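Enquirer: What follows is a structure written as structure tokens; I'll ask about it next.
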Amino acid sequence: MYSIFKKEIRSFLSSLIAYVVIIVFLIAIGLFMWVLPEYNVFEMGYANLDTLFSMAPIVFVFLISAITMRSFSEERKSGTIEILTTKPISDFQIILGKYFAGVVLVLFSLLPTLIYFYTVYQLGAVKGNLDVGATWGSYLGLFLLASCFVSIGIFASAITDNQIVSFIVSMFLCYSFYSIFSLLANFSLLGTLDNVIANIGIQAHYNSISRGVIDSRDVLYFLSLITAFIWATKTAFSARKW
């Protein structure tokens with residue numbers, strides 16, 4: 001697994017993909033936080049990072065799909081998938097190596113946003129008047145959300161030979177798991193079941209962690225979703241005839 005992980009990281013860093021993803025993410029979030037009306041910190045009048053944590057999941061839908069769409073299709077295109085599957089490593093090790101490489105790349109894109117945290121911390125009318133506990137909870141929630149998106153993207157890449165199709169399927173699944181269930185629950189059509197439907201989606205658990213209280217049920221949800229998609233990827237990967 002470690003050899004696959006190193007190979008993927010080296011592949012990311014030796015191309016423009018990693019740098020473009022990180023730069024686009026930071027520019028997009030920076031525009032929302034400091035420039036665009038109705039979203040930026042100055043117009044909101046509050047020293048907080050709500051814009052970062054509300055917009056980052058939507059930006060990640062696109063960027064993580066772009067990162068993961070080449071995970072298996074690129075191997076098939078270059079003809080290295082046959083070599084990879086004949087090596088003394090299991091399918092799970094291949095999948096986990098690619099998965100953790102994607103997670104690390106996302107982590108690299110999140111680290112520079114600590115500059116935004118420091119800036120907002122300094123900008124408060126009372127310096128440091130920022131809910132640090134809720135902020136760190138939001139960062140944890142965002143990292144877990146991104147980890148789920150990576151597992152979904154890896155799965156999308158394993159079920160199709162086409163990178164564009166993988167990109168579209170990944171975006172659809174990521175957005176659906178993030179927003180669709182919450183939107184359905186907001187219609188209040190099923191009474192007491194609306195809360196159950198909302199809890200199937202990512203957004204309810206992400207919002208819960210963002211309050212600064214780490215609930216084991218939310219963490220278990222994220223880990224279960226990641227495990228489910230990694231297992232689905234294993235099933236799809238093993239079933240194909242390369």
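Following the order of the structure tokens, chains are lettered A, B, ..., residues in each are numbered from 1, and ligands are numbered from 1.
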List the neighbours of Ile29 of chain A out to 9 Å using only C-alpha atoms; skip same-chain residues closer than 3 positions along the sequence, and give me the result as a list in words.

Expert: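 Close residues of Ile29 of chain A: Val24, Phe25, Leu26, Phe32, Met33, Trp34, Thr51, Leu52, Met55, Ala56, Val59 and Thr113 of chain A.
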
Enquirer: When you look at Leu63 of chain A with a cut-off of 12 Å (counting only C-alpha atoms), what residues show up, excluding the ones that are within fewer than 5 positions of it in the same chain? I need them as a ChimeraX atom specification.

Expert: /A:17-26,28,56-58,68-69,102,105-106,109,146,149-150,153,167-168,170-171,174

Enquirer: May I ask for the distance between atom CA of Ile202 of chain A and atom CA of Asn48 of chain A, given in Å to one decimal place?

Expert: 22.4 Å

Enquirer: Could you work out how far atom CA of Ser176 of chain A lies from atom CA of Lys234 of chain A, giving the answer in Å with one decimal?

Expert: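 According to the coordinates, atom CA of Lys234 of chain A and atom CA of Ser176 of chain A are separated by 21.7 Å.
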
Enquirer: Which residue out of A:Val120, A:Leu193, A:Val61, A:Ile115 has the minimum interatomic distance to Tyr175 of chain A when only C-alpha atoms are used?

Expert: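 Under the stated criterion, the closest residue is A:Val61.
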
Enquirer: Excluding His205 of chain A and any residue of its chain fewer than 3 positions from it, enumerate the residues within 9 Å of it, using only C-alpha atoms, and give them as a list in words.

Expert: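 The neighbour list is Gly141, Asn199, Ile200, Gly201, Ile202, Ser208, Ile209, Ser210, Arg217, Asp218, Val219, Tyr221 and Phe222 of chain A.
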
Enquirer: According to DSSP computed on the backbone, where in segment 34-232 of chain A is there helix (DSSP H, G or I)? Give the residues as a PyMOL selection string.

Expert: chain A and resi 34+41-44+50-68+73-78+81-86+91-123+132-158+163-186+193-200+202-210+216-232

Enquirer: Tell me, in Å to one decimal, how far atom CA of Phe181 of chain A is from atom CA of Asp194 of chain A.

Expert: 9.0 Å

Enquirer: Measuring between only C-alpha atoms, which one of A:Leu223, A:Leu184, A:Ile95, A:Ile197 shows the shortest distance to Phe143 of chain A?

Expert: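 Under the stated criterion, the closest residue is A:Leu223.
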
Enquirer: Show me, as a Markdown table, the residues of segment 130-197 of chain A having an atom within 6 Å of segment 226-233 of chain A, each with the closest atom pair and its distance in Å, using only C-alpha atoms.

Expert:
```
| residue | atom | partner | partner_atom | distance |
| --- | --- | --- | --- | --- |
| A:Cys148 | CA | A:Ile226 | CA | 5.2 |
| A:Ser151 | CA | A:Phe229 | CA | 5.7 |
| A:Ile152 | CA | A:Phe229 | CA | 6.0 |
| A:Phe155 | CA | A:Thr233 | CA | 4.6 |
```

Enquirer: With distances taken over only C-alpha atoms, which residue among A:Ile89, A:Val103, A:Val169, A:Ile214 lies nearest Thr135 of chain A?

Expert: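 Looking only at the distances to Thr135 of chain A, the closest residue turns out to be A:Ile214.
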
Enquirer: Please provide as a list in words all residues within 6 Å of Gly212 of chain A, with the sequence filter that same-chain residues fewer than 3 positions apart are discarded (counting only C-alpha atoms).

Expert: Gly133, Ala134, Gly137 and Ile209 of chain A

Enquirer: Given only C-alpha atoms, how would the per-residue table for segment 49-132 of chain A near segment 8-14 of chain A read, listing every residue at most 12 Å away with its closest atom pair and distance in Å to one decimal, sorted by chain and number, as JSON lines?

Expert:
```
{"residue": "A:Ala66", "atom": "CA", "partner": "A:Phe12", "partner_atom": "CA", "distance": 12.0}
{"residue": "A:Ile67", "atom": "CA", "partner": "A:Phe12", "partner_atom": "CA", "distance": 8.8}
{"residue": "A:Thr68", "atom": "CA", "partner": "A:Phe12", "partner_atom": "CA", "distance": 10.7}
{"residue": "A:Arg70", "atom": "CA", "partner": "A:Phe12", "partner_atom": "CA", "distance": 10.6}
{"residue": "A:Ser71", "atom": "CA", "partner": "A:Glu8", "partner_atom": "CA", "distance": 8.6}
{"residue": "A:Phe72", "atom": "CA", "partner": "A:Glu8", "partner_atom": "CA", "distance": 11.1}
{"residue": "A:Glu74", "atom": "CA", "partner": "A:Ser11", "partner_atom": "CA", "distance": 11.0}
{"residue": "A:Glu75", "atom": "CA", "partner": "A:Glu8", "partner_atom": "CA", "distance": 10.9}
{"residue": "A:Ile94", "atom": "CA", "partner": "A:Glu8", "partner_atom": "CA", "distance": 10.3}
{"residue": "A:Ile95", "atom": "CA", "partner": "A:Glu8", "partner_atom": "CA", "distance": 11.0}
{"residue": "A:Leu96", "atom": "CA", "partner": "A:Glu8", "partner_atom": "CA", "distance": 11.0}
{"residue": "A:Gly97", "atom": "CA", "partner": "A:Glu8", "partner_atom": "CA", "distance": 7.7}
{"residue": "A:Lys98", "atom": "CA", "partner": "A:Glu8", "partner_atom": "CA", "distance": 6.3}
{"residue": "A:Tyr99", "atom": "CA", "partner": "A:Glu8", "partner_atom": "CA", "distance": 9.4}
{"residue": "A:Phe100", "atom": "CA", "partner": "A:Glu8", "partner_atom": "CA", "distance": 9.2}
{"residue": "A:Ala101", "atom": "CA", "partner": "A:Ile9", "partner_atom": "CA", "distance": 5.7}
{"residue": "A:Gly102", "atom": "CA", "partner": "A:Ile9", "partner_atom": "CA", "distance": 8.1}
{"residue": "A:Val103", "atom": "CA", "partner": "A:Ile9", "partner_atom": "CA", "distance": 10.3}
{"residue": "A:Val104", "atom": "CA", "partner": "A:Ile9", "partner_atom": "CA", "distance": 8.3}
{"residue": "A:Leu105", "atom": "CA", "partner": "A:Ile9", "partner_atom": "CA", "distance": 7.8}
{"residue": "A:Val106", "atom": "CA", "partner": "A:Ile9", "partner_atom": "CA", "distance": 11.5}
{"residue": "A:Phe108", "atom": "CA", "partner": "A:Leu13", "partner_atom": "CA", "distance": 11.3}
```
